[in-house]
$ cat model19.cif   # mmCIF, C-alpha atoms and all ligand atoms
data_model
loop_
_atom_site.label_atom_id
_atom_site.label_comp_id
_atom_site.auth_asym_id
_atom_site.auth_seq_id
_atom_site.Cartn_x
_atom_site.Cartn_y
_atom_site.Cartn_z
CA MET A 30 -36.46 66.89 8.10
CA ALA A 31 -34.88 67.50 4.70
CA ALA A 32 -31.57 66.12 6.01
CA ARG A 33 -33.35 63.00 7.31
CA VAL A 34 -35.05 62.40 3.93
CA LEU A 35 -31.83 63.00 2.05
CA GLY A 36 -29.94 60.64 4.39
CA ARG A 37 -32.52 57.93 3.78
CA ALA A 38 -32.46 58.68 0.07
CA GLY A 39 -28.68 58.40 0.01
CA ARG A 40 -28.80 54.99 1.70
CA LEU A 41 -31.43 53.82 -0.72
CA ALA A 42 -29.52 55.14 -3.70
CA ALA A 43 -26.66 52.92 -2.54
CA VAL A 44 -29.05 49.95 -2.34
CA VAL A 45 -30.36 50.71 -5.82
CA ARG A 46 -26.82 50.98 -7.19
CA SER A 47 -25.86 47.76 -5.48
CA SER A 48 -28.94 45.89 -6.74
CA ALA A 49 -28.25 47.14 -10.26
CA LEU A 50 -24.75 45.68 -9.85
CA GLN A 51 -26.19 42.41 -8.53
CA LEU A 52 -28.49 42.38 -11.53
CA ARG A 53 -25.58 42.78 -13.90
CA LEU A 54 -23.58 40.07 -12.13
CA HIS A 55 -26.26 37.50 -11.47
CA GLY A 56 -29.15 38.54 -13.69
CA SER A 57 -31.75 38.72 -10.93
CA ALA A 58 -32.98 41.45 -8.61
CA GLY A 59 -36.36 42.86 -7.64
CA LEU A 60 -38.86 41.10 -9.89
CA ARG A 61 -38.19 37.40 -10.32
CA PHE A 62 -37.31 37.20 -13.99
CA GLY A 63 -39.27 34.60 -15.84
CA SER A 64 -42.03 34.23 -13.22
CA GLN A 65 -44.34 36.24 -15.52
CA ALA A 66 -44.15 33.44 -18.09
CA SER A 67 -47.15 31.83 -16.37
CA PHE A 68 -49.24 34.72 -17.77
CA PHE A 69 -48.20 33.78 -21.31
CA PRO A 70 -48.60 30.03 -21.72
CA PRO A 71 -47.73 28.77 -25.19
CA LEU A 72 -50.57 26.97 -26.94
CA GLY A 73 -49.68 24.10 -29.22
CA ASP A 74 -52.81 23.31 -31.22
CA ALA A 75 -53.34 24.46 -34.78
CA MET A 76 -55.27 27.72 -34.52
CA LEU A 77 -57.02 27.86 -37.91
CA PRO A 78 -60.12 25.78 -38.70
CA SER A 79 -59.31 22.31 -39.94
CA GLY A 80 -59.25 22.16 -43.73
CA SER A 81 -58.02 25.77 -44.07
CA PHE A 82 -55.35 24.58 -46.51
CA ASN A 83 -57.36 21.88 -48.33
CA ASN A 84 -56.39 21.89 -52.02
CA HIS A 85 -53.39 24.09 -51.24
CA VAL A 86 -49.78 23.25 -52.05
CA ALA A 87 -47.05 24.68 -49.82
CA LEU A 88 -43.29 24.80 -50.35
CA ILE A 89 -41.23 25.20 -47.19
CA THR A 90 -37.47 25.58 -47.63
CA GLY A 91 -35.52 24.14 -44.72
CA GLY A 92 -38.70 22.24 -43.82
CA GLY A 93 -36.90 19.16 -42.54
CA THR A 94 -35.81 20.63 -39.20
CA GLY A 95 -36.60 23.22 -36.51
CA LEU A 96 -39.12 25.94 -37.29
CA GLY A 97 -39.57 24.83 -40.92
CA ARG A 98 -40.55 21.38 -39.73
CA ALA A 99 -43.10 22.87 -37.29
CA MET A 100 -44.60 25.05 -40.04
CA THR A 101 -44.82 22.02 -42.33
CA ALA A 102 -46.55 19.97 -39.63
CA THR A 103 -49.16 22.70 -39.02
CA LEU A 104 -49.87 23.34 -42.72
CA SER A 105 -50.11 19.60 -43.33
CA GLN A 106 -52.47 19.18 -40.37
CA LEU A 107 -54.64 21.94 -41.88
CA GLY A 108 -54.93 20.10 -45.19
CA ALA A 109 -51.99 21.32 -47.31
CA GLN A 110 -49.93 19.10 -49.53
CA CYS A 111 -46.38 20.15 -48.60
CA ILE A 112 -43.01 20.05 -50.32
CA ILE A 113 -39.99 20.44 -48.09
CA ALA A 114 -36.65 21.29 -49.68
CA SER A 115 -33.09 21.52 -48.40
CA ARG A 116 -29.67 19.89 -48.81
CA LYS A 117 -30.01 16.77 -46.63
CA LEU A 118 -32.39 14.37 -48.35
CA ASP A 119 -32.31 11.73 -45.59
CA ILE A 120 -33.49 14.23 -42.98
CA LEU A 121 -36.16 15.60 -45.33
CA GLN A 122 -37.46 12.10 -46.06
CA ARG A 123 -37.65 11.19 -42.37
CA THR A 124 -39.56 14.38 -41.56
CA ALA A 125 -41.85 13.94 -44.57
CA GLU A 126 -42.74 10.39 -43.55
CA GLU A 127 -43.33 11.32 -39.90
CA ILE A 128 -45.59 14.26 -40.71
CA SER A 129 -47.49 12.45 -43.49
CA SER A 130 -48.19 9.50 -41.21
CA GLN A 131 -49.53 11.83 -38.50
CA THR A 132 -51.70 14.06 -40.69
CA GLY A 133 -52.68 11.76 -43.53
CA ASN A 134 -51.61 14.43 -46.04
CA LYS A 135 -48.70 13.88 -48.40
CA VAL A 136 -45.40 15.63 -47.66
CA HIS A 137 -42.82 15.42 -50.48
CA ALA A 138 -39.07 15.67 -49.86
CA VAL A 139 -37.00 17.38 -52.55
CA GLN A 140 -33.25 17.89 -52.33
CA CYS A 141 -32.18 21.43 -53.14
CA ASP A 142 -29.27 23.70 -52.25
CA VAL A 143 -30.87 27.13 -52.52
CA ARG A 144 -27.47 28.71 -53.24
CA ASP A 145 -27.48 27.10 -56.67
CA PRO A 146 -29.98 28.67 -59.10
CA GLN A 147 -29.88 25.61 -61.34
CA ALA A 148 -30.71 23.33 -58.42
CA VAL A 149 -33.58 25.66 -57.49
CA SER A 150 -34.92 25.50 -61.04
CA GLN A 151 -34.72 21.68 -61.01
CA CYS A 152 -36.44 21.60 -57.62
CA VAL A 153 -39.31 23.66 -59.04
CA ASP A 154 -39.47 21.32 -62.07
CA GLN A 155 -39.77 18.39 -59.67
CA MET A 156 -42.43 20.19 -57.68
CA GLU A 157 -44.46 21.02 -60.79
CA ALA A 158 -44.44 17.33 -61.71
CA LEU A 159 -45.42 16.22 -58.17
CA THR A 160 -48.01 18.78 -57.14
CA GLY A 161 -48.17 21.65 -59.60
CA LEU A 162 -47.07 25.17 -58.64
CA PRO A 163 -47.53 26.13 -54.98
CA ASP A 164 -50.09 28.45 -53.39
CA VAL A 165 -47.82 29.04 -50.39
CA ILE A 166 -44.05 29.58 -50.37
CA ILE A 167 -42.17 29.87 -47.09
CA ASN A 168 -38.53 30.93 -47.41
CA ASN A 169 -37.23 29.60 -44.13
CA ALA A 170 -33.83 28.03 -45.01
CA ALA A 171 -30.87 29.83 -43.44
CA GLY A 172 -27.31 29.50 -42.26
CA ASN A 173 -25.72 31.35 -39.36
CA PHE A 174 -23.05 31.21 -36.65
CA VAL A 175 -21.71 33.67 -34.11
CA CYS A 176 -18.26 34.94 -34.99
CA PRO A 177 -16.31 38.16 -34.40
CA SER A 178 -16.35 39.92 -37.77
CA GLU A 179 -12.56 40.21 -37.85
CA ARG A 180 -12.40 36.39 -37.92
CA LEU A 181 -14.70 35.99 -40.94
CA SER A 182 -13.13 34.71 -44.17
CA PRO A 183 -14.56 35.85 -47.51
CA ASN A 184 -16.01 32.36 -47.94
CA ALA A 185 -17.70 32.50 -44.51
CA TRP A 186 -19.37 35.78 -45.56
CA LYS A 187 -20.32 34.34 -48.94
CA THR A 188 -21.70 31.11 -47.46
CA ILE A 189 -24.19 32.87 -45.17
CA THR A 190 -25.23 35.60 -47.59
CA ASP A 191 -25.60 33.02 -50.39
CA ILE A 192 -27.95 30.83 -48.35
CA VAL A 193 -29.98 33.63 -46.81
CA LEU A 194 -30.20 36.41 -49.39
CA ASN A 195 -29.33 34.77 -52.72
CA GLY A 196 -31.12 31.53 -51.78
CA THR A 197 -34.31 33.40 -50.91
CA ALA A 198 -34.03 35.48 -54.09
CA PHE A 199 -33.43 32.42 -56.34
CA VAL A 200 -36.42 30.55 -54.89
CA THR A 201 -38.66 33.62 -55.00
CA LEU A 202 -37.72 34.68 -58.54
CA GLU A 203 -37.93 31.17 -60.02
CA LEU A 204 -41.36 30.53 -58.53
CA GLY A 205 -42.56 34.08 -59.13
CA LYS A 206 -41.77 33.92 -62.85
CA ARG A 207 -43.52 30.56 -63.30
CA LEU A 208 -46.54 31.65 -61.26
CA ILE A 209 -46.85 34.83 -63.31
CA GLN A 210 -46.63 32.83 -66.53
CA ASN A 211 -49.43 30.56 -65.25
CA GLN A 212 -51.48 33.48 -63.91
CA LYS A 213 -51.57 31.87 -60.48
CA GLY A 214 -51.59 33.87 -57.24
CA ALA A 215 -49.53 32.88 -54.17
CA SER A 216 -48.51 33.86 -50.67
CA PHE A 217 -44.75 34.32 -50.10
CA LEU A 218 -43.44 34.45 -46.54
CA ALA A 219 -39.84 35.06 -45.47
CA ILE A 220 -38.53 34.19 -42.02
CA THR A 221 -35.97 36.81 -40.97
CA THR A 222 -35.02 37.87 -37.41
CA ILE A 223 -35.42 40.87 -35.12
CA TYR A 224 -31.84 41.99 -35.76
CA ALA A 225 -32.58 42.36 -39.49
CA GLU A 226 -33.93 45.72 -38.36
CA SER A 227 -31.41 46.76 -35.71
CA GLY A 228 -28.30 45.06 -37.05
CA SER A 229 -26.22 43.00 -34.61
CA GLY A 230 -22.58 42.43 -33.93
CA PHE A 231 -21.20 38.87 -34.11
CA VAL A 232 -23.79 37.75 -36.70
CA VAL A 233 -22.99 40.39 -39.31
CA PRO A 234 -23.37 38.28 -42.50
CA SER A 235 -26.74 37.02 -41.25
CA ALA A 236 -27.89 40.51 -40.22
CA SER A 237 -26.87 41.94 -43.59
CA ALA A 238 -28.49 39.15 -45.58
CA LYS A 239 -31.73 39.13 -43.56
CA ALA A 240 -32.00 42.91 -44.02
CA GLY A 241 -31.64 42.28 -47.76
CA VAL A 242 -34.40 39.67 -47.64
CA GLU A 243 -36.69 42.20 -45.97
CA ALA A 244 -35.95 44.77 -48.69
CA LEU A 245 -36.60 42.11 -51.35
CA TYR A 246 -39.96 41.12 -49.87
CA LYS A 247 -41.17 44.66 -49.22
CA SER A 248 -40.21 45.62 -52.79
CA LEU A 249 -41.97 42.64 -54.36
CA ALA A 250 -45.07 43.24 -52.22
CA ALA A 251 -45.33 46.57 -54.02
CA GLU A 252 -44.45 45.25 -57.48
CA TRP A 253 -46.18 41.88 -57.76
CA GLY A 254 -49.54 42.47 -56.11
CA ARG A 255 -50.77 42.92 -59.67
CA TYR A 256 -49.99 39.25 -60.32
CA GLY A 257 -51.89 38.02 -57.27
CA HIS A 258 -48.82 37.64 -55.04
CA ARG A 259 -48.58 38.65 -51.38
CA PHE A 260 -45.21 39.04 -49.61
CA ASN A 261 -44.85 39.10 -45.84
CA ILE A 262 -42.09 38.76 -43.28
CA ILE A 263 -41.96 37.22 -39.80
CA GLN A 264 -39.11 38.27 -37.52
CA PRO A 265 -38.85 35.61 -34.80
CA GLY A 266 -37.12 36.12 -31.49
CA PRO A 267 -35.38 33.18 -29.83
CA ILE A 268 -37.09 29.82 -30.24
CA ARG A 269 -35.10 26.77 -29.24
CA THR A 270 -33.96 24.69 -32.20
CA LYS A 271 -30.82 22.61 -32.49
CA GLY A 272 -29.81 24.43 -35.69
CA ALA A 273 -29.96 27.91 -34.16
CA PHE A 274 -28.94 27.37 -30.55
CA SER A 275 -25.96 25.12 -31.35
CA ARG A 276 -24.51 27.82 -33.59
CA LEU A 277 -25.52 30.94 -31.66
CA ASP A 278 -25.11 29.81 -28.05
CA PRO A 279 -23.02 26.61 -28.22
CA THR A 280 -22.32 26.50 -24.46
CA GLY A 281 -25.79 27.60 -23.33
CA ALA A 282 -24.20 30.50 -21.42
CA PHE A 283 -26.52 33.18 -22.84
CA GLU A 284 -29.87 31.49 -22.45
CA LYS A 285 -30.72 32.82 -18.99
CA ALA A 286 -29.76 36.39 -19.86
CA THR A 287 -31.85 36.11 -23.02
CA ILE A 288 -34.91 34.92 -21.12
CA ASP A 289 -34.39 37.60 -18.45
CA ARG A 290 -34.72 40.38 -21.01
CA ILE A 291 -37.85 38.98 -22.67
CA PRO A 292 -40.88 40.74 -21.14
CA THR A 293 -43.03 37.61 -21.49
CA GLY A 294 -40.39 35.67 -19.54
CA ARG A 295 -39.82 32.76 -21.89
CA LEU A 296 -38.60 31.62 -25.28
CA GLY A 297 -41.08 31.18 -28.12
CA THR A 298 -42.10 27.73 -29.27
CA PRO A 299 -42.04 26.22 -32.78
CA ALA A 300 -45.80 25.60 -32.60
CA GLU A 301 -46.47 29.29 -31.92
CA ILE A 302 -44.56 30.52 -34.94
CA ALA A 303 -46.13 27.75 -37.02
CA ASN A 304 -49.59 29.10 -36.16
CA LEU A 305 -48.56 32.64 -37.12
CA ALA A 306 -46.98 31.46 -40.39
CA ALA A 307 -50.11 29.47 -41.19
CA TYR A 308 -52.34 32.49 -40.60
CA VAL A 309 -50.15 34.81 -42.70
CA SER A 310 -50.05 32.21 -45.51
CA SER A 311 -53.80 31.52 -45.40
CA ASN A 312 -56.70 33.13 -47.19
CA TYR A 313 -57.75 34.67 -43.83
CA ALA A 314 -54.80 37.02 -44.39
CA SER A 315 -55.55 37.79 -48.03
CA TRP A 316 -55.41 41.55 -47.33
CA MET A 317 -52.02 41.30 -45.64
CA SER A 318 -49.05 42.16 -47.85
CA GLY A 319 -45.78 43.98 -47.21
CA ALA A 320 -46.16 43.31 -43.47
CA VAL A 321 -43.20 42.85 -41.15
CA ILE A 322 -44.39 40.96 -38.09
CA ARG A 323 -42.12 40.92 -35.05
CA PHE A 324 -42.77 37.78 -33.00
CA ASP A 325 -40.39 37.86 -30.07
CA GLY A 326 -42.19 38.03 -26.72
CA GLY A 327 -41.21 41.72 -26.54
CA GLU A 328 -37.45 41.16 -26.72
CA TYR A 329 -36.79 43.86 -29.35
CA VAL A 330 -38.38 46.72 -27.42
CA SER A 331 -36.84 45.42 -24.22
CA LEU A 332 -33.36 45.61 -25.77
CA ALA A 333 -34.07 49.03 -27.26
CA GLY A 334 -35.31 51.07 -24.28
CA GLU A 335 -32.51 52.77 -22.35
CA PHE A 336 -34.38 52.71 -19.05
CA ASN A 337 -35.74 49.20 -19.20
CA GLU A 338 -33.28 47.94 -16.58
CA LEU A 339 -35.30 49.94 -14.06
CA ARG A 340 -37.57 46.87 -13.98
CA SER A 341 -35.25 45.70 -11.21
CA VAL A 342 -36.12 48.64 -8.92
CA THR A 343 -38.49 47.53 -6.13
CA PRO A 344 -41.59 49.52 -5.00
CA ASP A 345 -39.75 50.56 -1.79
CA GLN A 346 -36.81 51.75 -3.82
CA TRP A 347 -39.18 53.72 -6.08
CA LYS A 348 -40.56 55.58 -3.05
CA ILE A 349 -37.07 56.83 -2.26
CA LEU A 350 -36.17 57.60 -5.85
CA GLU A 351 -39.35 59.63 -6.18
CA VAL A 352 -38.47 61.64 -3.08
CA MET A 353 -35.01 62.30 -4.47
CA ILE A 354 -36.42 63.42 -7.80
CA ARG A 355 -39.14 65.61 -6.24
CA ASN A 356 -36.60 67.22 -3.95
CA THR A 357 -34.43 68.32 -6.84
CA LYS A 358 -34.81 72.06 -7.27
CA GLY A 359 -33.56 73.80 -10.41
CA SER A 360 -31.06 72.48 -12.92
C1 LIG B 1 -30.41 31.61 -26.05
C2 LIG B 1 -29.56 32.55 -26.63
C3 LIG B 1 -29.03 32.45 -28.00
C4 LIG B 1 -29.93 32.01 -29.05
C5 LIG B 1 -30.41 33.18 -29.79
C6 LIG B 1 -31.54 32.82 -30.60
C7 LIG B 1 -32.20 33.69 -31.37
C8 LIG B 1 -31.82 35.05 -31.72
C9 LIG B 1 -31.99 35.36 -33.18
C10 LIG B 1 -31.62 34.19 -33.99
C11 LIG B 1 -31.51 34.23 -35.32
C12 LIG B 1 -31.19 33.01 -36.00
C13 LIG B 1 -30.90 33.00 -37.26
C14 LIG B 1 -30.55 31.77 -37.95
O1 LIG B 1 -30.35 31.81 -39.12
S1 LIG B 1 -30.43 30.28 -37.09
C15 LIG B 1 -30.21 29.03 -38.35
C16 LIG B 1 -29.06 28.24 -38.01
N1 LIG B 1 -29.04 27.06 -38.85
C17 LIG B 1 -28.04 26.80 -39.65
O2 LIG B 1 -27.06 27.51 -39.74
C18 LIG B 1 -28.17 25.52 -40.44
C19 LIG B 1 -27.28 25.44 -41.64
N2 LIG B 1 -25.88 25.72 -41.31
C20 LIG B 1 -24.82 25.07 -41.89
O3 LIG B 1 -24.98 24.19 -42.70
C21 LIG B 1 -23.43 25.51 -41.52
O4 LIG B 1 -23.41 25.97 -40.20
C22 LIG B 1 -22.90 26.64 -42.44
C23 LIG B 1 -23.77 27.89 -42.39
C24 LIG B 1 -21.46 26.98 -42.03
C25 LIG B 1 -22.89 26.19 -43.91
O5 LIG B 1 -22.32 24.92 -44.07
P1 LIG B 1 -21.32 24.62 -45.33
O6 LIG B 1 -21.90 25.09 -46.58
O7 LIG B 1 -20.97 23.18 -45.21
O8 LIG B 1 -20.10 25.57 -45.02
P2 LIG B 1 -18.61 25.24 -44.50
O9 LIG B 1 -17.84 24.74 -45.67
O10 LIG B 1 -18.61 24.46 -43.27
O11 LIG B 1 -18.12 26.74 -44.15
C26 LIG B 1 -18.13 27.75 -45.11
C27 LIG B 1 -17.17 28.85 -44.67
O12 LIG B 1 -17.61 29.36 -43.40
C28 LIG B 1 -16.57 29.21 -42.41
N3 LIG B 1 -17.18 28.89 -41.12
C29 LIG B 1 -18.01 27.88 -40.84
N4 LIG B 1 -18.33 27.89 -39.54
C30 LIG B 1 -17.67 28.92 -38.99
C31 LIG B 1 -17.58 29.43 -37.66
N5 LIG B 1 -18.27 28.89 -36.63
N6 LIG B 1 -16.80 30.50 -37.43
C32 LIG B 1 -16.11 31.10 -38.45
N7 LIG B 1 -16.16 30.66 -39.76
C33 LIG B 1 -16.92 29.57 -40.00
C34 LIG B 1 -15.77 28.02 -42.94
O13 LIG B 1 -14.47 28.01 -42.36
C35 LIG B 1 -15.77 28.29 -44.43
O14 LIG B 1 -14.88 29.32 -44.76
P3 LIG B 1 -13.40 28.99 -45.36
O15 LIG B 1 -12.80 30.32 -45.61
O16 LIG B 1 -12.70 28.21 -44.30
O17 LIG B 1 -13.62 28.19 -46.60
N1 LIG B 2 -34.62 29.46 -33.89
C1 LIG B 2 -34.56 30.77 -33.66
O1 LIG B 2 -34.45 31.22 -32.52
C2 LIG B 2 -34.63 31.72 -34.80
C3 LIG B 2 -34.65 31.32 -36.11
N2 LIG B 2 -34.76 32.25 -37.11
C4 LIG B 2 -34.90 31.83 -38.49
O2 LIG B 2 -35.79 30.74 -38.57
C5 LIG B 2 -35.47 29.94 -39.68
C6 LIG B 2 -35.34 28.49 -39.26
O3 LIG B 2 -34.26 28.36 -38.36
P1 LIG B 2 -34.18 27.14 -37.31
O4 LIG B 2 -35.31 26.24 -37.55
O5 LIG B 2 -33.98 27.72 -35.99
O6 LIG B 2 -32.81 26.45 -37.74
P2 LIG B 2 -32.49 25.13 -38.57
O7 LIG B 2 -31.02 25.05 -38.66
O8 LIG B 2 -33.24 23.98 -38.03
O9 LIG B 2 -33.10 25.45 -40.01
C7 LIG B 2 -32.36 25.90 -41.11
C8 LIG B 2 -32.76 25.05 -42.30
O10 LIG B 2 -32.16 25.61 -43.46
C9 LIG B 2 -31.75 24.55 -44.30
N3 LIG B 2 -30.64 25.00 -45.13
C10 LIG B 2 -29.45 25.50 -44.73
N4 LIG B 2 -28.67 25.76 -45.79
C11 LIG B 2 -29.40 25.45 -46.88
C12 LIG B 2 -29.13 25.50 -48.28
N5 LIG B 2 -27.98 25.94 -48.75
N6 LIG B 2 -30.11 25.10 -49.14
C13 LIG B 2 -31.30 24.65 -48.66
N7 LIG B 2 -31.60 24.58 -47.36
C14 LIG B 2 -30.66 24.97 -46.47
C15 LIG B 2 -31.30 23.44 -43.35
O11 LIG B 2 -31.44 22.15 -43.95
P3 LIG B 2 -30.20 21.35 -44.61
O12 LIG B 2 -29.10 21.34 -43.63
O13 LIG B 2 -30.81 20.01 -44.94
O14 LIG B 2 -29.87 22.10 -45.88
C16 LIG B 2 -32.28 23.61 -42.19
O15 LIG B 2 -33.39 22.74 -42.36
C17 LIG B 2 -34.20 30.55 -40.29
O16 LIG B 2 -34.54 31.41 -41.34
C18 LIG B 2 -33.63 31.34 -39.15
O17 LIG B 2 -32.84 32.39 -39.61
C19 LIG B 2 -34.82 33.58 -36.85
C20 LIG B 2 -34.77 34.03 -35.57
C21 LIG B 2 -34.70 33.14 -34.44
#

$ encode --input "model19.cif" --output "structure tokens"
Amino acid sequence: MAARVLGRAGRLAAVVRSSALQLRLHGSAGLRFGSQASFFPPLGDAMLPSGSFNNHVALITGGGTGLGRAMTATLSQLGAQCIIASRKLDILQRTAEEISSQTGNKVHAVQCDVRDPQAVSQCVDQMEALTGLPDVIINNAAGNFVCPSERLSPNAWKTITDIVLNGTAFVTLELGKRLIQNQKGASFLAITTIYAESGSGFVVPSASAKAGVEALYKSLAAEWGRYGHRFNIIQPGPIRTKGAFSRLDPTGAFEKATIDRIPTGRLGTPAEIANLAAYVSSNYASWMSGAVIRFDGGEYVSLAGEFNELRSVTPDQWKILEVMIRNTKGS
């Protein structure tokens, strides 16, 4: 009897090993990866009540494209007057016109390279003249590309860390000082990434700079609450944008593997993160400060757990594994 069970178990162990190999080679075994996405449909509408940002001014860096554009569209739809700032004025102006014409609320385009503190100061001057100081600041601008670290030049390192860490610091400090002087409260939000926490090879300048941004925002949450300022962080997982995907997965080779490891079976959408950013920046979240919100469909925990690949083991295979485990006597 024992021999029969062990023989069966041995055969099944081979099947399990071979399906684990198939999984590694082809990314699919047992559960159909991605089929669970139907449980988690993305909703596109603005979640907050209309008018939630009436009489609010919002600055969104990098608001002309990708996730920044989606956040601008949602805030504008909810009543905010928005200022979008980045290097490419033509793109900003096109986005501003498109969003304004859809929502009926003014979106202003202001050119600004966040790496340059003088340009940031001039951008804030321009904003003060256009709208007054903002109630909502979203530090979303970033630069990134995948690259083995041994291929990085000093200027490549400096370029990414200047945009992400110094740029966020320049914008935050310039606005913070003026808001404090004017005794005006505000919500600051930084967009980082899940690997700000874990670190990640091949995007080392970005990982280092985003970790710095998180330290900056957590520190200021503690220090500047007394001035009426809240500081929060959203760590997005993968959400398709041209800016990110063209620099992080230029051939598209990693997309399927990425989706396969996301427990909710799909990428995020710009509208979903825009809703979260709107909530965090709104008065509904006035008690939220110093928060780090991971928004990744479960990717981070999926990458972290050593045994998570056992998702590919089928119920029949589990029966055999359980017999093998129960039949183990002693150590
Ligand atoms: C589906 C699977 C994969 C997708 C995964 C998705 C999500 C996972 C988590 C994602 C996190 C995402 C984080 C992001 O930040 S995405 C945002 C991406 N958007 C951008 O980067 C937009 C802005 N980017 C740019 O403008 C440029 O790319 C820039 C960052 C290079 C800056 O441009 P510029 O100031 O004009 O700089 P350059 O003069 O061109 O270059 C400066 C310096 O860097 C070197 N360099 C540039 N590109 C590379 C490269 N690809 N490899 C190595 N080195 C590079 C360049 O040579 C210069 O150095 P020198 O020494 O030569 O002077
Ligand atoms: N998409 C994703 O999967 C993920 C994105 N993120 C984060 O989300 C945010 C938005 O990224 P995403 O929308 O995907 O990518 P985009 O490339 O579309 O957005 C980056 C924006 O930053 C602006 N920018 C870059 N350099 C500067 C600069 N020196 N000064 C001012 N603005 C600058 C760009 O505008 P311009 O070129 O006009 O300057 C662009 O609008 C980033 O912080 C990114 O790190 C995090 C995790 C995942």

$ residues_around --input "model19.cif" --residues "Ser216 (chain A)" --least-positions-apart "5" --cutoff "10 Å" --atoms "all atoms listed in the file" --output "ChimeraX atom specification"
/A:87,163-167,257-261,309-312,314-315,317-318

$ atom_distance --input "model19.cif" --atom1 "CA of Met156 (chain A)" --atom2 "CA of Ile262 (chain A)"
23.5 Å

$ residues_around --input "model19.cif" --residues "Gly272 (chain A)" --least-positions-apart "4" --cutoff "9 Å" --atoms "only C-alpha atoms" --output "number ranges by chain"
A: 94-95, 172-173, 276-277

$ residues_near_ligand --input "model19.cif" --ligand "ligand LIG 2 (chain B)" --cutoff "7 Å" --atoms "only C-alpha atoms and all ligand atoms" --output "PyMOL selection string"
chain A and resi 90-97+114-118+120-121+141-144+169-172+192+220-223+264-274

$ residues_around --input "model19.cif" --residues "Arg255 (chain A)" --least-positions-apart "3" --cutoff "12 Å" --atoms "all atoms listed in the file" --output "list of chain:residue names"
A:Ile209, A:Gln212, A:Lys213, A:Gly214, A:Ala215, A:Leu249, A:Ala250, A:Ala251, A:Glu252, A:His258, A:Arg259, A:Ser318

$ closest_residue --input "model19.cif" --among "A:Gly63, A:Gly359, A:Gly326, A:Gly281" --to "Thr298 (chain A)" --atoms "only C-alpha atoms"
A:Gly326

$ atom_distance --input "model19.cif" --atom1 "CA of Asn337 (chain A)" --atom2 "CA of Ile302 (chain A)"
26.0 Å
